[in-house]
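Enquirer: Next up is a structure, given as structure tokens.
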Amino acid sequence: MVPPRSSLRLDDRDIAILAILSREGRIAKTELAARVNLSPTPCWDRMKRLEQAGLIRGYRAQIDLAALGPHVQVFVTIELDSHRAESFQIFERVIARMQAVTGCWAIGGGFDYLMQVVATDVAAFQTLMDGLLESRAGVRRYFSYIVTKPVKDLPPATALLD
């Protein structure tokens with residue numbers, strides 16, 4: 001049986017494994033073991049324990065979108081018409097089906113959501129937003145922020161692990 005996350009005790013080596021994997025997901029297991037000063041088998045056992053505990057949810061490649069072709073990345077703040085639980089659920093179901101929405105977070109403060117969108121161009125982004133407004137997602141208003149250049153783009157876990 002896997003212990004709940006809150007009862008899982010992490011030591012310095014576990015933290016080091018998580019930090020390295022968050023930056024270098026394809027690192028060879030022998031290299032990872034060497035960098036955290038463990039032999040490969042105990043290192044592998046720790047990785048498996050961290051995966052089973054849900055601390056490692058998966059491994060991904062970091063894709064250079066510019067190398068794939070023209071695109072625009074946009075952050076969007078969203079305010080809903082209604083703040084009933086059902087309204088949030090409807091909005092989240094609509095967003096879950098939108099492939100161009102690559103991230104969406106419920107936030108506190110003046111807006112309800114922060115959304116990340118990747119589209120081929122501004123016209124495609126606007127078509128997406130027009131469709132969202134016409135849907136029954138309950139969007140009252142939104143503000144768009146087009147990314148002009150990346151400044152820093154690290155996996156979020158690195159802030160907690162280093």
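Numbering starts fresh at 1 for the residues of each chain in the structure tokens, the chains themselves are lettered A, B, ... in the order given, and ligands are numbered from 1 as they appear.
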Name the residues in contact with A:Gly103 at a cut-off of 8 Å, using only C-alpha atoms, excluding same-chain residues fewer than 5 positions from it; report them as a tab-separated table (two decimals) with N, CA and C atoms, in the first residue's frame.

Expert:
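Wrote result.tsv, looks like this:
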```tsv
chain	number	residue	atom	x	y	z
A	115	MET	N	-5.54	31.51	-18.21
A	115	MET	CA	-5.51	30.47	-19.24
A	115	MET	C	-4.30	30.71	-20.14
A	116	GLN	N	-3.67	29.63	-20.56
A	116	GLN	CA	-2.56	29.68	-21.50
A	116	GLN	C	-3.03	29.05	-22.81
A	117	VAL	N	-2.83	29.77	-23.90
A	117	VAL	CA	-3.29	29.32	-25.21
A	117	VAL	C	-2.11	29.36	-26.19
```

Enquirer: Could you pull out the strand (DSSP E or B) residues of stretch 4-109 of chain A from DSSP and send them as an mmCIF file with N, CA and C atoms, in the first residue's frame?

Expert:
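Dumped to selection-v9.cif:
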```cif
data_model
loop_
_atom_site.group_PDB
_atom_site.id
_atom_site.type_symbol
_atom_site.label_atom_id
_atom_site.label_comp_id
_atom_site.auth_asym_id
_atom_site.auth_seq_id
_atom_site.Cartn_x
_atom_site.Cartn_y
_atom_site.Cartn_z
ATOM 1 N N VAL A 72 1.570 31.680 -31.865
ATOM 2 C CA VAL A 72 1.437 32.739 -30.889
ATOM 3 C C VAL A 72 1.037 32.090 -29.569
ATOM 4 N N GLN A 73 1.664 32.548 -28.509
ATOM 5 C CA GLN A 73 1.316 32.071 -27.172
ATOM 6 C C GLN A 73 0.654 33.239 -26.452
ATOM 7 N N VAL A 74 -0.495 32.965 -25.833
ATOM 8 C CA VAL A 74 -1.279 34.029 -25.219
ATOM 9 C C VAL A 74 -1.699 33.592 -23.816
ATOM 10 N N PHE A 75 -1.559 34.502 -22.861
ATOM 11 C CA PHE A 75 -2.134 34.301 -21.537
ATOM 12 C C PHE A 75 -3.410 35.121 -21.486
ATOM 13 N N VAL A 76 -4.446 34.543 -20.915
ATOM 14 C CA VAL A 76 -5.765 35.168 -20.907
ATOM 15 C C VAL A 76 -6.319 35.119 -19.491
ATOM 16 N N THR A 77 -6.753 36.275 -19.000
ATOM 17 C CA THR A 77 -7.489 36.286 -17.735
ATOM 18 C C THR A 77 -8.970 36.252 -18.064
ATOM 19 N N ILE A 78 -9.699 35.467 -17.302
ATOM 20 C CA ILE A 78 -11.125 35.219 -17.570
ATOM 21 C C ILE A 78 -11.943 35.585 -16.335
ATOM 22 N N GLU A 79 -13.046 36.282 -16.578
ATOM 23 C CA GLU A 79 -14.031 36.531 -15.526
ATOM 24 C C GLU A 79 -15.348 35.905 -15.983
ATOM 25 N N LEU A 80 -15.959 35.127 -15.113
ATOM 26 C CA LEU A 80 -17.230 34.474 -15.436
ATOM 27 C C LEU A 80 -18.415 35.372 -15.073
ATOM 28 N N VAL A 101 -5.921 25.267 -25.599
ATOM 29 C CA VAL A 101 -5.711 25.716 -24.219
ATOM 30 C C VAL A 101 -4.741 24.722 -23.579
ATOM 31 N N THR A 102 -3.514 25.185 -23.348
ATOM 32 C CA THR A 102 -2.476 24.292 -22.835
ATOM 33 C C THR A 102 -2.329 24.358 -21.320
ATOM 34 N N GLY A 103 -2.962 25.329 -20.712
ATOM 35 C CA GLY A 103 -2.948 25.441 -19.260
ATOM 36 C C GLY A 103 -4.104 26.315 -18.818
ATOM 37 N N CYS A 104 -4.683 26.004 -17.688
ATOM 38 C CA CYS A 104 -5.763 26.823 -17.147
ATOM 39 C C CYS A 104 -5.774 26.643 -15.637
ATOM 40 N N TRP A 105 -5.774 27.766 -14.938
ATOM 41 C CA TRP A 105 -5.715 27.742 -13.485
ATOM 42 C C TRP A 105 -6.813 28.607 -12.906
ATOM 43 N N ALA A 106 -7.533 28.104 -11.909
ATOM 44 C CA ALA A 106 -8.464 28.920 -11.139
ATOM 45 C C ALA A 106 -7.607 29.792 -10.238
#
```

Enquirer: Quote the spacing between atom CA of A:Cys43 and atom CA of A:Arg57 in Å to one decimal place.

Expert: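 Interatomic distance, atom CA of A:Cys43 to atom CA of A:Arg57: 17.4 Å.
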
Enquirer: Would you pick out the contacts of A:Pro155 at 10 Å or less, using only C-alpha atoms, so that residues sharing its chain but fewer than 5 positions from it are not included, and give the list as a PyMOL selection string?

Expert: chain A and resi 19+22-23+62

Enquirer: Report, in Å with one decimal, the straight-line distance from atom CA of A:Met98 to atom CA of A:Thr120.

Expert: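 Atom-to-atom, atom CA of A:Met98 to atom CA of A:Thr120, that is 14.3 Å.
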
Enquirer: Enumerate as a PyMOL selection string all residues of stretch 6-100 of chain A assigned to helix (DSSP H, G or I) by DSSP on the backbone, naming them with the chain letters and numbers the document uses.

Expert: chain A and resi 6-7+12-23+29-35+40-52+65-68+85-96

Enquirer: From the options A:Ala157, A:Gly69, A:Pro150, A:Lys29, which residue's atoms come nearest to A:Asp121, counting only C-alpha atoms?

Expert: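 Once distances to A:Asp121 are computed over only C-alpha atoms, the minimum belongs to A:Gly69.
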
Enquirer: Under the rule that only C-alpha atoms are counted, which of A:Leu55, A:Leu132, A:Arg49, A:Arg13 is the nearest residue to A:Val36?

Expert: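 Nearest candidate to A:Val36 out of A:Leu55, A:Leu132, A:Arg49, A:Arg13: A:Arg13.
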
Enquirer: Excluding stretch 90-95 of chain A and its own-chain neighbours fewer than 4 positions away, which residues fall within 8 Å of it when counting only C-alpha atoms? Please give them as a ChimeraX atom specification.

Expert: /A:86,101,104,136-139

Enquirer: Just to be explicit: take each residue in the selection above, keep N, CA and C atoms, and write the result as a CSV table (one decimal), in the first residue's frame.

Expert:
```
chain,number,residue,atom,x,y,z
A,86,GLU,N,-21.8,25.6,-10.2
A,86,GLU,CA,-22.2,25.0,-11.5
A,86,GLU,C,-21.5,25.8,-12.6
A,101,VAL,N,-5.9,25.3,-25.6
A,101,VAL,CA,-5.7,25.7,-24.2
A,101,VAL,C,-4.7,24.7,-23.6
A,104,CYS,N,-4.7,26.0,-17.7
A,104,CYS,CA,-5.8,26.8,-17.1
A,104,CYS,C,-5.8,26.6,-15.6
A,136,ARG,N,-21.6,28.1,-24.1
A,136,ARG,CA,-22.3,28.4,-22.9
A,136,ARG,C,-21.4,28.3,-21.7
A,137,ALA,N,-20.1,28.7,-21.9
A,137,ALA,CA,-19.1,28.6,-20.9
A,137,ALA,C,-19.3,29.7,-19.8
A,138,GLY,N,-20.0,30.7,-20.1
A,138,GLY,CA,-20.3,31.7,-19.1
A,138,GLY,C,-19.2,32.8,-18.9
A,139,VAL,N,-18.5,33.1,-20.0
A,139,VAL,CA,-17.4,34.1,-19.9
A,139,VAL,C,-18.1,35.5,-20.0
```

Enquirer: Give me the residues within 12 Å of A:Ala33 as a ChimeraX atom specification, counting only C-alpha atoms and dropping any in the same chain fewer than 5 places off.

Expert: /A:13-14,16-17,20-21,27-28,38-47

Enquirer: Would you save the residues from that selection as a short mmCIF file (atom, residue, chain, number, x, y, z; two decimals), in the first residue's frame, using C-alpha atoms?

Expert:
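Result written to again07.cif:
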```cif
data_model
loop_
_atom_site.label_atom_id
_atom_site.label_comp_id
_atom_site.auth_asym_id
_atom_site.auth_seq_id
_atom_site.Cartn_x
_atom_site.Cartn_y
_atom_site.Cartn_z
CA ARG A 13 18.28 12.48 -1.83
CA ASP A 14 14.56 12.28 -2.68
CA ALA A 16 17.64 15.88 -5.29
CA ILE A 17 16.08 13.16 -7.46
CA ILE A 20 17.10 16.65 -11.31
CA LEU A 21 14.16 14.85 -12.95
CA ILE A 27 18.65 11.50 -17.63
CA ALA A 28 20.09 7.98 -17.57
CA LEU A 38 23.46 6.30 -4.68
CA SER A 39 23.95 3.04 -6.49
CA PRO A 40 21.50 2.47 -9.39
CA THR A 41 19.17 -0.03 -7.67
CA PRO A 42 18.40 2.09 -4.57
CA CYS A 43 18.02 5.14 -6.81
CA TRP A 44 15.56 3.24 -9.03
CA ASP A 45 13.67 2.10 -5.92
CA ARG A 46 13.36 5.70 -4.75
CA MET A 47 12.12 6.81 -8.19
#
```
